[in-house]
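**Q** For reference, this is input-v3.cif, and it has mmCIF, C-alpha atoms.
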data_structure
loop_
_atom_site.group_PDB
_atom_site.id
_atom_site.type_symbol
_atom_site.label_atom_id
_atom_site.label_comp_id
_atom_site.auth_asym_id
_atom_site.auth_seq_id
_atom_site.Cartn_x
_atom_site.Cartn_y
_atom_site.Cartn_z
ATOM 1 C CA GLN A 1 -17.042 -1.830 3.970
ATOM 2 C CA VAL A 2 -13.747 -3.100 5.261
ATOM 3 C CA GLN A 3 -11.941 -1.273 8.076
ATOM 4 C CA LEU A 4 -8.195 -0.770 7.604
ATOM 5 C CA VAL A 5 -5.419 -0.043 10.101
ATOM 6 C CA GLU A 6 -1.831 0.589 9.007
ATOM 7 C CA SER A 7 1.290 0.064 11.097
ATOM 8 C CA GLY A 8 5.046 -0.194 10.729
ATOM 9 C CA GLY A 9 6.027 3.361 9.886
ATOM 10 C CA GLY A 10 8.949 5.111 11.518
ATOM 11 C CA LEU A 11 12.155 7.094 11.133
ATOM 12 C CA VAL A 12 14.987 5.403 9.267
ATOM 13 C CA GLN A 13 18.154 6.385 7.464
ATOM 14 C CA ALA A 14 18.528 6.297 3.712
ATOM 15 C CA GLY A 15 19.253 2.787 2.485
ATOM 16 C CA ALA A 16 17.340 1.110 5.284
ATOM 17 C CA SER A 17 14.252 -1.087 5.041
ATOM 18 C CA LEU A 18 10.782 -0.942 6.555
ATOM 19 C CA ARG A 19 7.808 -3.246 6.359
ATOM 20 C CA LEU A 20 4.374 -1.679 6.505
ATOM 21 C CA SER A 21 1.340 -3.718 7.431
ATOM 22 C CA CYS A 22 -2.356 -3.128 6.926
ATOM 23 C CA ALA A 23 -4.815 -5.114 8.995
ATOM 24 C CA ALA A 24 -8.347 -5.414 7.667
ATOM 25 C CA SER A 25 -11.542 -6.259 9.475
ATOM 26 C CA GLY A 26 -14.356 -8.332 8.092
ATOM 27 C CA ARG A 27 -14.781 -11.739 6.511
ATOM 28 C CA THR A 28 -14.636 -10.559 2.905
ATOM 29 C CA PHE A 29 -11.047 -9.287 2.816
ATOM 30 C CA SER A 30 -10.086 -11.871 0.198
ATOM 31 C CA SER A 31 -12.533 -10.295 -2.260
ATOM 32 C CA TYR A 32 -10.819 -6.883 -2.161
ATOM 33 C CA ASN A 33 -8.070 -5.562 -4.351
ATOM 34 C CA MET A 34 -5.648 -3.661 -2.123
ATOM 35 C CA GLY A 35 -3.442 -0.673 -2.685
ATOM 36 C CA TRP A 36 -0.790 1.462 -1.006
ATOM 37 C CA PHE A 37 -0.629 5.192 -1.626
ATOM 38 C CA ARG A 38 1.529 7.892 -0.087
ATOM 39 C CA GLN A 39 1.207 11.587 0.511
ATOM 40 C CA ALA A 40 4.104 13.925 1.207
ATOM 41 C CA PRO A 41 3.487 17.313 2.857
ATOM 42 C CA GLY A 42 1.902 19.729 0.428
ATOM 43 C CA LYS A 43 1.570 17.118 -2.294
ATOM 44 C CA GLU A 44 -1.159 14.944 -3.727
ATOM 45 C CA ARG A 45 -1.743 11.353 -2.690
ATOM 46 C CA ASP A 46 0.308 9.196 -5.075
ATOM 47 C CA PHE A 47 0.007 5.577 -6.072
ATOM 48 C CA VAL A 48 2.686 3.225 -4.746
ATOM 49 C CA ALA A 49 1.537 -0.359 -5.326
ATOM 50 C CA ALA A 50 -1.549 -2.524 -5.739
ATOM 51 C CA ILE A 51 -2.308 -6.220 -5.464
ATOM 52 C CA SER A 52 -5.292 -8.172 -6.722
ATOM 53 C CA TRP A 53 -7.655 -10.072 -4.420
ATOM 54 C CA SER A 54 -5.878 -13.350 -5.255
ATOM 55 C CA GLY A 55 -2.388 -11.943 -4.926
ATOM 56 C CA ARG A 56 -1.531 -13.040 -8.470
ATOM 57 C CA ASN A 57 -1.415 -9.554 -9.976
ATOM 58 C CA THR A 58 0.511 -6.486 -8.884
ATOM 59 C CA TYR A 59 1.209 -2.964 -10.060
ATOM 60 C CA TYR A 60 4.018 -0.669 -8.913
ATOM 61 C CA ALA A 61 4.793 2.987 -9.409
ATOM 62 C CA ASP A 62 7.961 3.439 -11.453
ATOM 63 C CA SER A 63 9.563 5.275 -8.538
ATOM 64 C CA VAL A 64 9.411 2.198 -6.281
ATOM 65 C CA LYS A 65 9.723 -0.635 -8.784
ATOM 66 C CA GLY A 66 12.523 -2.985 -7.768
ATOM 67 C CA ARG A 67 12.673 -1.572 -4.217
ATOM 68 C CA PHE A 68 9.162 -2.149 -2.829
ATOM 69 C CA THR A 69 7.150 -5.362 -2.737
ATOM 70 C CA ILE A 70 3.447 -5.654 -1.999
ATOM 71 C CA SER A 71 2.055 -8.908 -0.657
ATOM 72 C CA ARG A 72 -1.026 -10.187 1.124
ATOM 73 C CA ASP A 73 -2.088 -12.955 3.448
ATOM 74 C CA ASN A 74 -5.814 -13.566 3.028
ATOM 75 C CA ALA A 75 -5.864 -16.026 5.923
ATOM 76 C CA LYS A 76 -4.681 -13.241 8.241
ATOM 77 C CA ASN A 77 -6.556 -10.351 6.580
ATOM 78 C CA THR A 78 -3.334 -8.434 6.060
ATOM 79 C CA VAL A 79 -1.458 -6.728 3.261
ATOM 80 C CA HIS A 80 2.182 -5.726 3.514
ATOM 81 C CA LEU A 81 4.521 -3.307 1.810
ATOM 82 C CA GLN A 82 8.178 -4.279 2.080
ATOM 83 C CA MET A 83 10.266 -1.195 1.408
ATOM 84 C CA ASN A 84 13.988 -1.620 0.741
ATOM 85 C CA SER A 85 16.713 0.850 -0.194
ATOM 86 C CA LEU A 86 14.650 3.722 1.168
ATOM 87 C CA LYS A 87 15.375 7.214 -0.070
ATOM 88 C CA PRO A 88 14.596 10.617 1.483
ATOM 89 C CA GLU A 89 12.040 11.153 -1.283
ATOM 90 C CA ASP A 90 10.081 8.167 0.061
ATOM 91 C CA THR A 91 9.181 10.261 3.104
ATOM 92 C CA ALA A 92 5.397 10.481 3.325
ATOM 93 C CA VAL A 93 2.304 9.256 5.095
ATOM 94 C CA TYR A 94 1.503 5.837 3.669
ATOM 95 C CA TYR A 95 -2.116 4.786 3.295
ATOM 96 C CA CYS A 96 -3.672 1.402 2.744
ATOM 97 C CA ALA A 97 -6.778 1.227 0.551
ATOM 98 C CA ALA A 98 -9.311 -1.392 -0.488
ATOM 99 C CA ASP A 99 -11.552 -1.783 -3.543
ATOM 100 C CA ARG A 100 -14.025 -4.531 -4.294
ATOM 101 C CA GLY A 101 -14.247 -4.009 -8.051
ATOM 102 C CA GLY A 102 -12.372 -5.661 -10.875
ATOM 103 C CA TRP A 103 -8.623 -5.635 -11.368
ATOM 104 C CA GLY A 104 -7.163 -3.023 -13.679
ATOM 105 C CA LEU A 105 -5.033 0.071 -14.112
ATOM 106 C CA HIS A 106 -7.799 2.185 -12.595
ATOM 107 C CA LEU A 107 -6.450 0.941 -9.264
ATOM 108 C CA THR A 108 -3.488 3.272 -9.653
ATOM 109 C CA VAL A 109 -5.892 6.163 -9.015
ATOM 110 C CA ALA A 110 -6.717 6.997 -5.402
ATOM 111 C CA GLY A 111 -10.266 8.055 -6.196
ATOM 112 C CA ASN A 112 -11.165 4.536 -7.285
ATOM 113 C CA PHE A 113 -10.677 3.082 -3.797
ATOM 114 C CA GLY A 114 -13.631 3.103 -1.424
ATOM 115 C CA SER A 115 -11.987 2.280 1.911
ATOM 116 C CA TRP A 116 -8.929 3.876 3.490
ATOM 117 C CA GLY A 117 -6.850 3.524 6.619
ATOM 118 C CA GLN A 118 -5.646 6.406 8.762
ATOM 119 C CA GLY A 119 -2.088 6.273 7.451
ATOM 120 C CA THR A 120 1.352 5.619 8.924
ATOM 121 C CA LEU A 121 4.253 8.056 8.702
ATOM 122 C CA VAL A 122 7.517 7.031 7.077
ATOM 123 C CA THR A 123 10.447 9.412 7.431
ATOM 124 C CA VAL A 124 13.730 8.707 5.663
ATOM 125 C CA SER A 125 16.698 10.828 6.685
ATOM 126 C CA SER A 126 19.677 11.450 4.428
#
Have the structure of the file written as structure tokens, please.
**A**
Amino acid sequence: QVQLVESGGGLVQAGASLRLSCAASGRTFSSYNMGWFRQAPGKERDFVAAISWSGRNTYYADSVKGRFTISRDNAKNTVHLQMNSLKPEDTAVYYCAADRGGWGLHLTVAGNFGSWGQGTLVTVSS
């Protein structure tokens, strides 16, 4: 399995931007589809974005479409989540996840990912 470590979270004001990063260990990173999920206090872990192993395909939750961008650099074993126009409702712990199966809408479901990072907290103040 791949090991994942997120970074880049913090406290920002509404309207600001943050860039989250997820560093992966192992030589097979380029064979994994990657996802970002988030979990607010007292709520379930929700899908944010996913990117295929090649980087050619992406999915976004409707709530972040047009504001967030997922990208990856297979040479550096990293995946990023650029978050613009942040809103207070974006406040959550953000998790990076990896899956080695095929690409598809099943990747919008947290239970279909086999590897997870420890999470990074994003707090957006109004």
**Q** Which distance in Å separates atom CA of A:Gln13 and atom CA of A:Met34, to one decimal?
**A**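 So the two atoms, atom CA of A:Gln13 and atom CA of A:Met34, lie 27.6 Å apart.
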**Q** Just give me the gap between atom CA of A:Cys22 and atom CA of A:Val79 in Å, one decimal is fine.
**A**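 Separation of atom CA of A:Cys22 and atom CA of A:Val79: 5.2 Å.
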**Q** For the structure shown, which residues end up in the PyMOL selection byres ((chain A and resi 101-104) around 8)? Put them as a tab-separated table (two decimals) with C-alpha atoms, in the coordinates of the input, please?
**A**
chain	number	residue	atom	x	y	z
A	32	TYR	CA	-10.82	-6.88	-2.16
A	33	ASN	CA	-8.07	-5.56	-4.35
A	52	SER	CA	-5.29	-8.17	-6.72
A	99	ASP	CA	-11.55	-1.78	-3.54
A	100	ARG	CA	-14.02	-4.53	-4.29
A	105	LEU	CA	-5.03	0.07	-14.11
A	106	HIS	CA	-7.80	2.18	-12.60
A	107	LEU	CA	-6.45	0.94	-9.26
**Q** Under the rule of at most 9 Å, produce a per-residue listing of stretch 69-90 of chain A near stretch 58-61 of chain A: chain, number, name, the closest pair of atoms, and the distance in Å, as JSON lines, using only C-alpha atoms.
**A**
{"residue": "A:Thr69", "atom": "CA", "partner": "A:Tyr60", "partner_atom": "CA", "distance": 8.4}
{"residue": "A:Ile70", "atom": "CA", "partner": "A:Thr58", "partner_atom": "CA", "distance": 7.5}
{"residue": "A:Ser71", "atom": "CA", "partner": "A:Thr58", "partner_atom": "CA", "distance": 8.7}
**Q** For the file shown, report as a ChimeraX atom specification the outcome of the PyMOL selection byres ((chain A and resi 109) around 10) at residue level.
**A** /A:35,37,45-47,105-108,110-113
**Q** Can you rebuild stretch 97-110 of chain A with N, CA and C atoms and give it as a short mmCIF file (atom, residue, chain, number, x, y, z; two decimals), in the frame of the given file?
**A**
data_model
loop_
_atom_site.label_atom_id
_atom_site.label_comp_id
_atom_site.auth_asym_id
_atom_site.auth_seq_id
_atom_site.Cartn_x
_atom_site.Cartn_y
_atom_site.Cartn_z
N ALA A 97 -5.45 1.02 1.12
CA ALA A 97 -6.78 1.23 0.55
C ALA A 97 -7.33 -0.08 0.00
N ALA A 98 -8.65 -0.17 -0.03
CA ALA A 98 -9.31 -1.39 -0.49
C ALA A 98 -10.39 -1.07 -1.52
N ASP A 99 -10.53 -1.94 -2.51
CA ASP A 99 -11.55 -1.78 -3.54
C ASP A 99 -12.10 -3.15 -3.91
N ARG A 100 -13.40 -3.23 -4.04
CA ARG A 100 -14.02 -4.53 -4.29
C ARG A 100 -14.38 -4.75 -5.75
N GLY A 101 -13.93 -3.86 -6.65
CA GLY A 101 -14.25 -4.01 -8.05
C GLY A 101 -13.28 -4.92 -8.76
N GLY A 102 -13.27 -4.83 -10.08
CA GLY A 102 -12.37 -5.66 -10.88
C GLY A 102 -10.94 -5.14 -10.87
N TRP A 103 -10.06 -5.99 -11.31
CA TRP A 103 -8.62 -5.64 -11.37
C TRP A 103 -8.37 -4.83 -12.63
N GLY A 104 -7.51 -3.80 -12.50
CA GLY A 104 -7.16 -3.02 -13.68
C GLY A 104 -6.34 -1.81 -13.31
N LEU A 105 -5.90 -1.08 -14.33
CA LEU A 105 -5.03 0.07 -14.11
C LEU A 105 -5.75 1.21 -13.39
N HIS A 106 -7.06 1.16 -13.34
CA HIS A 106 -7.80 2.18 -12.60
C HIS A 106 -7.41 2.15 -11.12
N LEU A 107 -6.83 1.06 -10.67
CA LEU A 107 -6.45 0.94 -9.26
C LEU A 107 -5.17 1.72 -8.95
N THR A 108 -4.61 2.38 -9.93
CA THR A 108 -3.49 3.27 -9.65
C THR A 108 -3.98 4.69 -9.33
N VAL A 109 -5.29 4.86 -9.30
CA VAL A 109 -5.89 6.16 -9.02
C VAL A 109 -6.57 6.10 -7.65
N ALA A 110 -6.20 7.02 -6.78
CA ALA A 110 -6.72 7.00 -5.40
C ALA A 110 -8.24 7.08 -5.35
#
